[in-house]
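S.K.: If it helps, the file is called entry13.cif and holds mmCIF, C-alpha atoms:
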data_start
#
loop_
_atom_site.label_atom_id
_atom_site.label_comp_id
_atom_site.auth_asym_id
_atom_site.auth_seq_id
_atom_site.Cartn_x
_atom_site.Cartn_y
_atom_site.Cartn_z
CA MET A 179 64.14 52.22 15.88
CA LEU A 180 64.04 48.90 14.07
CA LEU A 181 67.25 46.96 13.62
CA HIS A 182 68.66 46.78 10.18
CA VAL A 183 69.34 44.72 7.90
CA PHE A 184 71.53 41.67 7.81
CA PRO A 185 69.88 38.89 5.80
CA VAL A 186 69.44 36.75 8.88
CA THR A 187 66.45 34.78 10.06
CA TYR A 188 64.58 35.72 13.20
CA PHE A 189 65.70 32.46 14.78
CA GLU A 190 69.39 33.12 14.18
CA PHE A 191 69.05 36.67 15.43
CA ALA A 192 67.44 35.61 18.68
CA CYS A 193 70.03 32.86 19.12
CA ARG A 194 72.84 35.33 18.79
CA LEU A 195 71.51 37.10 21.88
CA ARG A 196 71.80 33.80 23.79
CA PHE A 197 68.21 33.52 24.84
CA PRO A 198 67.00 30.13 26.04
CA GLU A 199 65.40 28.09 23.30
CA SER A 200 61.85 28.45 24.58
CA VAL A 201 62.23 32.22 24.52
CA VAL A 202 63.78 32.10 21.07
CA ARG A 203 60.83 30.15 19.71
CA ARG A 204 58.38 32.54 21.33
CA LEU A 205 60.23 35.52 19.91
CA CYS A 206 60.18 33.99 16.46
CA ARG A 207 56.46 33.47 16.60
CA LEU A 208 56.06 37.04 17.80
CA ALA A 209 58.37 38.32 15.07
CA SER A 210 56.59 36.49 12.31
CA PHE A 211 53.25 37.68 13.66
CA ASN A 212 54.40 41.27 13.69
CA GLY A 213 56.06 40.95 10.32
CA ALA A 214 59.02 43.24 10.62
CA PHE A 215 59.59 43.42 14.34
CA PHE A 216 63.29 42.70 14.18
CA ILE A 217 64.25 43.30 10.60
CA GLN A 218 62.89 46.05 8.40
CA GLN A 219 62.55 45.36 4.69
CA ALA A 220 64.93 47.67 2.87
CA GLY A 221 64.63 48.90 -0.69
CA PHE A 222 61.78 50.36 -2.66
CA VAL A 223 58.78 48.02 -2.45
CA VAL A 224 56.57 48.56 -5.47
CA GLU A 225 53.48 46.73 -4.16
CA ASP A 226 53.22 48.79 -0.98
CA VAL A 227 53.61 52.04 -2.86
CA SER A 228 51.13 50.97 -5.52
CA THR A 229 48.51 50.20 -2.85
CA ILE A 230 49.02 53.56 -1.20
CA ILE A 231 48.53 55.36 -4.50
CA LYS A 232 45.40 53.43 -5.50
CA GLU A 233 43.72 54.08 -2.19
CA SER A 234 44.55 57.74 -2.34
CA VAL A 235 43.17 58.18 -5.87
CA GLU A 236 39.98 56.25 -5.10
CA ALA A 237 39.40 58.31 -2.01
CA THR A 238 39.97 61.63 -3.79
CA ILE A 239 38.33 61.18 -7.18
CA GLY A 240 36.27 58.00 -6.81
CA GLY A 241 33.25 58.13 -9.10
CA ASN A 242 33.31 61.89 -9.73
CA ALA A 243 33.20 63.32 -13.24
CA TYR A 244 35.88 65.69 -14.54
CA GLN A 245 35.26 69.17 -13.18
CA HIS A 246 37.59 71.94 -14.19
CA ASN A 247 37.24 73.90 -10.97
CA ARG A 248 37.96 70.90 -8.74
CA VAL A 249 40.81 69.23 -10.57
CA ASN A 250 43.36 71.51 -8.91
CA GLN A 251 42.30 70.34 -5.45
CA TRP A 252 42.26 66.72 -6.57
CA THR A 253 45.83 66.65 -7.82
CA THR A 254 47.10 68.45 -4.74
CA SER A 255 45.16 66.20 -2.44
CA ILE A 256 46.37 63.01 -4.13
CA VAL A 257 50.06 63.93 -3.97
CA GLU A 258 49.82 65.17 -0.40
CA GLN A 259 48.01 62.09 0.88
CA CYS A 260 50.39 59.72 -0.90
CA LEU A 261 53.42 61.59 0.36
CA SER A 262 52.28 61.53 3.97
CA GLN A 263 51.56 57.79 3.76
CA LEU A 264 54.95 57.18 2.18
CA SER A 265 56.83 59.15 4.81
CA LYS A 266 54.99 57.13 7.48
CA LEU A 267 56.66 53.98 6.08
CA GLY A 268 59.77 55.38 7.74
CA LYS A 269 62.22 54.27 5.06
CA PRO A 270 65.43 56.18 4.29
CA PHE A 271 64.17 57.52 0.97
CA LYS A 272 63.61 60.84 -0.72
CA TYR A 273 60.38 60.78 -2.73
CA ILE A 274 59.16 62.53 -5.86
CA LEU A 275 55.50 62.22 -6.83
CA THR A 276 53.76 63.41 -9.95
CA CYS A 277 50.07 63.25 -10.68
CA VAL A 278 48.41 63.88 -14.03
CA ILE A 279 44.63 64.14 -14.41
CA MET A 280 43.21 64.28 -17.90
CA GLN A 281 39.68 64.64 -19.16
CA LYS A 282 38.52 61.86 -21.48
CA ASN A 283 37.64 63.37 -24.81
CA GLY A 284 39.64 61.46 -27.36
CA ALA A 285 42.86 63.48 -27.17
CA GLY A 286 46.11 61.55 -27.38
CA MET A 287 48.67 61.80 -24.59
CA GLN A 288 52.10 60.23 -24.18
CA THR A 289 54.36 60.36 -21.10
CA ALA A 290 57.95 59.18 -20.71
CA SER A 291 60.41 59.27 -17.79
CA THR A 292 64.05 58.47 -17.55
CA CYS A 293 66.15 58.29 -14.41
CA PHE A 294 69.81 58.57 -13.57
CA TRP A 295 70.18 56.84 -10.22
CA ASP A 296 71.44 53.78 -8.40
CA ASN A 297 69.57 50.78 -9.79
CA SER A 298 70.19 48.63 -6.77
CA THR A 299 68.55 50.93 -4.21
CA ASP A 300 66.21 53.30 -6.06
CA GLY A 301 62.91 52.54 -7.75
CA SER A 302 59.68 53.86 -9.17
CA CYS A 303 56.06 52.91 -9.39
CA THR A 304 53.42 54.25 -11.80
CA VAL A 305 49.70 53.68 -11.35
CA ARG A 306 47.18 54.31 -14.13
CA TRP A 307 43.61 54.78 -13.01
CA GLU A 308 40.46 55.78 -14.84
CA ASN A 309 36.77 56.23 -14.50
CA LYS A 310 34.13 57.25 -17.05
CA SER A 311 35.38 60.78 -17.60
CA VAL A 312 38.88 61.03 -16.11
CA TYR A 313 42.30 59.44 -16.56
CA CYS A 314 44.67 59.70 -13.63
CA ILE A 315 48.35 58.74 -13.75
CA VAL A 316 50.45 58.87 -10.59
CA SER A 317 54.19 58.20 -10.52
CA VAL A 318 56.30 57.79 -7.40
CA PHE A 319 60.10 57.80 -7.55
CA GLY A 320 62.02 56.73 -4.44
CA LEU A 321 65.70 57.57 -4.10
CA ALA A 322 67.71 56.03 -1.31
CA ILE A 323 69.56 58.40 0.96
CA MET B 217 85.80 64.66 -27.28
CA GLU B 218 83.71 66.54 -24.72
CA GLU B 219 85.10 66.87 -21.23
CA TYR B 220 83.18 66.29 -18.04
CA ASN B 221 82.84 69.37 -15.87
CA SER B 222 83.52 68.53 -12.22
CA GLY B 223 81.80 71.58 -10.78
CA GLU B 224 82.12 72.72 -7.19
CA GLU B 225 78.50 73.92 -6.81
CA VAL B 226 76.27 71.66 -4.81
CA SER B 227 72.81 73.17 -5.15
CA PHE B 228 70.55 72.89 -8.13
CA ASN B 229 70.36 75.68 -10.73
CA PRO B 230 66.96 75.64 -12.43
CA ASP B 231 67.56 78.41 -14.97
CA GLU B 232 70.40 76.66 -16.75
CA ILE B 233 68.44 73.41 -16.85
CA SER B 234 65.40 75.20 -18.22
CA VAL B 235 67.36 76.58 -21.14
CA SER B 236 68.94 73.28 -22.11
CA VAL B 237 65.62 71.43 -21.84
CA LYS B 238 63.87 73.99 -24.07
CA GLU B 239 66.57 73.49 -26.70
CA CYS B 240 66.09 69.72 -26.52
CA VAL B 241 62.35 70.02 -27.00
CA GLU B 242 62.71 72.46 -29.90
CA GLY B 243 65.23 70.16 -31.50
CA VAL B 244 62.92 67.15 -31.34
CA ILE B 245 59.41 68.47 -32.00
CA GLY B 246 59.87 72.09 -33.06
CA GLY B 247 57.85 72.69 -36.22
CA THR B 248 56.06 69.30 -36.32
CA ASP B 249 52.38 68.54 -35.81
CA TYR B 250 51.02 65.96 -33.37
CA ASN B 251 51.51 62.54 -34.93
CA GLN B 252 50.33 59.52 -33.00
CA SER B 253 52.78 57.11 -34.55
CA LYS B 254 55.77 59.30 -33.74
CA VAL B 255 54.90 60.62 -30.32
CA ASN B 256 56.43 57.58 -28.61
CA GLN B 257 59.82 58.28 -30.20
CA TRP B 258 59.55 61.98 -29.42
CA THR B 259 59.03 61.56 -25.69
CA ALA B 260 61.81 58.97 -25.47
CA SER B 261 64.13 61.19 -27.43
CA ILE B 262 63.39 64.31 -25.36
CA VAL B 263 64.01 62.58 -22.04
CA GLU B 264 67.20 60.91 -23.25
CA HIS B 265 68.72 64.06 -24.68
CA SER B 266 67.81 66.10 -21.62
CA LEU B 267 69.29 63.50 -19.31
CA THR B 268 72.50 63.32 -21.32
CA HIS B 269 72.95 67.09 -21.07
CA LEU B 270 72.37 66.98 -17.33
CA VAL B 271 74.78 64.14 -16.69
CA LYS B 272 77.47 65.87 -18.76
CA GLN B 273 77.53 68.68 -16.22
CA GLY B 274 79.24 66.19 -13.95
CA ARG B 275 77.50 67.25 -10.72
CA ALA B 276 76.79 64.88 -7.85
CA PHE B 277 73.06 64.52 -8.51
CA LYS B 278 70.59 61.76 -9.27
CA TYR B 279 68.11 62.92 -11.93
CA ILE B 280 64.55 62.12 -12.93
CA VAL B 281 63.26 63.56 -16.19
CA ASN B 282 59.59 63.31 -17.06
CA CYS B 283 58.05 64.38 -20.38
CA THR B 284 54.36 64.58 -21.33
CA ILE B 285 53.08 65.37 -24.81
CA MET B 286 49.39 66.01 -25.29
CA GLN B 287 47.38 66.71 -28.41
CA LYS B 288 45.48 70.00 -28.43
CA SER B 289 41.84 69.03 -28.68
CA GLY B 290 40.13 70.98 -25.93
CA ALA B 291 40.57 68.37 -23.22
CA GLY B 292 41.57 69.55 -19.77
CA LEU B 293 44.90 68.40 -18.34
CA HIS B 294 46.19 69.04 -14.85
CA THR B 295 49.49 67.94 -13.30
CA ALA B 296 50.92 68.26 -9.79
CA ASN B 297 54.26 67.29 -8.21
CA SER B 298 55.16 66.84 -4.60
CA CYS B 299 58.62 66.05 -3.24
CA TYR B 300 59.98 64.81 0.07
CA TRP B 301 63.67 65.77 0.05
CA ASP B 302 66.33 68.11 1.34
CA THR B 303 65.24 71.57 0.20
CA ALA B 304 68.74 72.99 0.62
CA THR B 305 70.36 70.81 -2.03
CA ASP B 306 67.61 69.31 -4.17
CA GLY B 307 65.39 71.01 -6.71
CA SER B 308 63.18 70.75 -9.74
CA CYS B 309 62.43 72.60 -12.92
CA THR B 310 59.39 72.37 -15.20
CA VAL B 311 59.34 73.56 -18.79
CA ARG B 312 56.06 74.09 -20.66
CA TRP B 313 56.18 74.28 -24.43
CA GLU B 314 53.45 74.35 -27.07
CA ASN B 315 52.84 74.73 -30.73
CA ARG B 316 49.68 74.77 -32.86
CA THR B 317 48.76 71.11 -32.31
CA MET B 318 50.30 69.95 -29.06
CA TYR B 319 51.49 70.75 -25.55
CA CYS B 320 54.74 69.43 -24.13
CA VAL B 321 55.58 69.54 -20.41
CA VAL B 322 59.03 68.43 -19.24
CA SER B 323 59.91 68.17 -15.52
CA VAL B 324 63.42 67.64 -14.23
CA PHE B 325 64.04 66.63 -10.61
CA ALA B 326 67.57 66.65 -9.18
CA VAL B 327 68.37 64.97 -5.88
CA ALA B 328 71.80 65.50 -4.34
CA VAL B 329 73.93 62.46 -3.67
CA ALA B 330 75.81 62.39 -0.38
CA LEU B 331 79.40 61.58 -1.20
#
Please render this file's structure as structure tokens.

M.R.:
Amino acid sequence: MLLHVFPVTYFEFACRLRFPESVVRRLCRLASFNGAFFIQQAGFVVEDVSTIIKESVEATIGGNAYQHNRVNQWTTSIVEQCLSQLSKLGKPFKYILTCVIMQKNGAGMQTASTCFWDNSTDGSCTVRWENKSVYCIVSVFGLAI
Amino acid sequence: MEEYNSGEEVSFNPDEISVSVKECVEGVIGGTDYNQSKVNQWTASIVEHSLTHLVKQGRAFKYIVNCTIMQKSGAGLHTANSCYWDTATDGSCTVRWENRTMYCVVSVFAVAVAL
């Protein structure tokens, strides 16, 4: 379990444990190499979530044209893949995902969301994707536990 | 002056929510045709009114309300939701409404807050 979450540098953290300086420096290099070895980034990180969604949509729909009998599987597959990737991030969040797939034929569509939550800890991310015959809109809402 | 209801129930009740959301939708777009210049206001108005009704119930929940309005022109539309939460206390409700020229789908998600 990763340690959480005082806004302290790796150097200070290692020093607090009274390691000799050479060890501290080595630990800091190790920590910065690993990224979040000592301190896990808290909060909803939009970029990470956005990347997860884009990869999932590309992998599921990719260059395929709209097909009525497959769209059901696509939406299910996208939300399930995204959700499993998000839960692997291991953050203390509850997640809600929605996915909309629409055929391109000139129809107008408007979507709106509003949320009643804690602005400092919760967040959302919406990704709009399209190809020649399909629009896909995926929204992820993360609510801190 | 309306009073806040500090209810004792902790789990989500989808039937009540469904009724109040339907009334909101009817109130905003009932009897109108799809109008591109107004649809922006309609979706904003539906989500705001629905959220206000939900918050007035005074329960310990965080809410997410999502509204989609689509013109009826033969295009296919498919939506899916997936949620990673506590199934004992959290829940969702989806209301589908249509008239001659448009479809409206409103989803409400309620996530319990640990007090």

S.K.: May I have the protein, DNA and RNA residues with an atom at most 10 Å from (38.6, 56.6, -7.8), counting only C-alpha atoms in the file's coordinates, returned as a ChimeraX atom specification?

M.R.: /A:232-242,307-309,312-314

S.K.: Please compute the atom CA of B:Ile285-atom CA of A:Met287 distance, one decimal, in Å.

M.R.: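 Calculated distance between atom CA of B:Ile285 and atom CA of A:Met287 is 5.7 Å.
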
S.K.: Using the chain letters and residue numbers of this document, give as a ChimeraX atom specification the residues selected by the PyMOL selection byres ((chain A and resi 256-261) around 7).

M.R.: /A:230-231,234-235,238,252-255,262-265,275,277 /B:297-298

S.K.: Determine the residue set returned by the PyMOL selection byres ((chain B) within 6 of (chain A)) for the present structure, and present it as a PyMOL selection string.

M.R.: chain B and resi 259+278-287+289+291-301

S.K.: For B:Ile233, which residue out of B:Cys309, B:Ala304, B:Ile245, B:Ala328 is the nearest one, using all atoms listed in the file?

M.R.: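 Looking at the shortest contact to B:Ile233, the residue is B:Cys309.
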
S.K.: Could you check which residues have any atom within 8 Å of (57.5, 78.4, -32.4), counting only C-alpha atoms with coordinates taken straight from the file, and then list them as an NGL selection string?

M.R.: :B and (246-247 or 314-315)

S.K.: With the input short on atoms, add N, CA, C and O atoms back to stretch 250-262 of chain A and write it as a short mmCIF file (atom, residue, chain, number, x, y, z; two decimals), in the coordinates of the input.

M.R.:
data_model
loop_
_atom_site.label_atom_id
_atom_site.label_comp_id
_atom_site.auth_asym_id
_atom_site.auth_seq_id
_atom_site.Cartn_x
_atom_site.Cartn_y
_atom_site.Cartn_z
N ASN A 250 42.21 70.97 -9.64
CA ASN A 250 43.36 71.51 -8.91
C ASN A 250 43.46 70.91 -7.51
O ASN A 250 44.50 70.42 -7.09
N GLN A 251 42.32 70.91 -6.80
CA GLN A 251 42.30 70.34 -5.45
C GLN A 251 42.59 68.85 -5.49
O GLN A 251 43.25 68.32 -4.59
N TRP A 252 42.06 68.17 -6.51
CA TRP A 252 42.26 66.72 -6.57
C TRP A 252 43.73 66.35 -6.69
O TRP A 252 44.22 65.49 -5.96
N THR A 253 44.43 66.99 -7.63
CA THR A 253 45.83 66.65 -7.82
C THR A 253 46.62 66.95 -6.55
O THR A 253 47.44 66.13 -6.11
N THR A 254 46.38 68.09 -5.96
CA THR A 254 47.10 68.45 -4.74
C THR A 254 46.80 67.45 -3.63
O THR A 254 47.71 66.99 -2.93
N SER A 255 45.55 67.11 -3.49
CA SER A 255 45.16 66.20 -2.44
C SER A 255 45.78 64.81 -2.62
O SER A 255 46.28 64.20 -1.68
N ILE A 256 45.79 64.32 -3.87
CA ILE A 256 46.37 63.01 -4.13
C ILE A 256 47.85 63.00 -3.77
O ILE A 256 48.32 62.11 -3.05
N VAL A 257 48.61 63.98 -4.26
CA VAL A 257 50.06 63.93 -3.97
C VAL A 257 50.33 64.12 -2.49
O VAL A 257 51.21 63.48 -1.93
N GLU A 258 49.56 64.97 -1.83
CA GLU A 258 49.82 65.17 -0.40
C GLU A 258 49.50 63.93 0.42
O GLU A 258 50.26 63.54 1.30
N GLN A 259 48.37 63.30 0.13
CA GLN A 259 48.01 62.09 0.88
C GLN A 259 49.04 60.99 0.67
O GLN A 259 49.47 60.34 1.61
N CYS A 260 49.41 60.77 -0.60
CA CYS A 260 50.39 59.72 -0.90
C CYS A 260 51.69 60.00 -0.19
O CYS A 260 52.30 59.11 0.40
N LEU A 261 52.14 61.25 -0.24
CA LEU A 261 53.42 61.59 0.36
C LEU A 261 53.40 61.38 1.86
O LEU A 261 54.36 60.87 2.45
N SER A 262 52.29 61.71 2.51
CA SER A 262 52.28 61.53 3.97
C SER A 262 52.25 60.05 4.31
O SER A 262 52.92 59.60 5.25
#
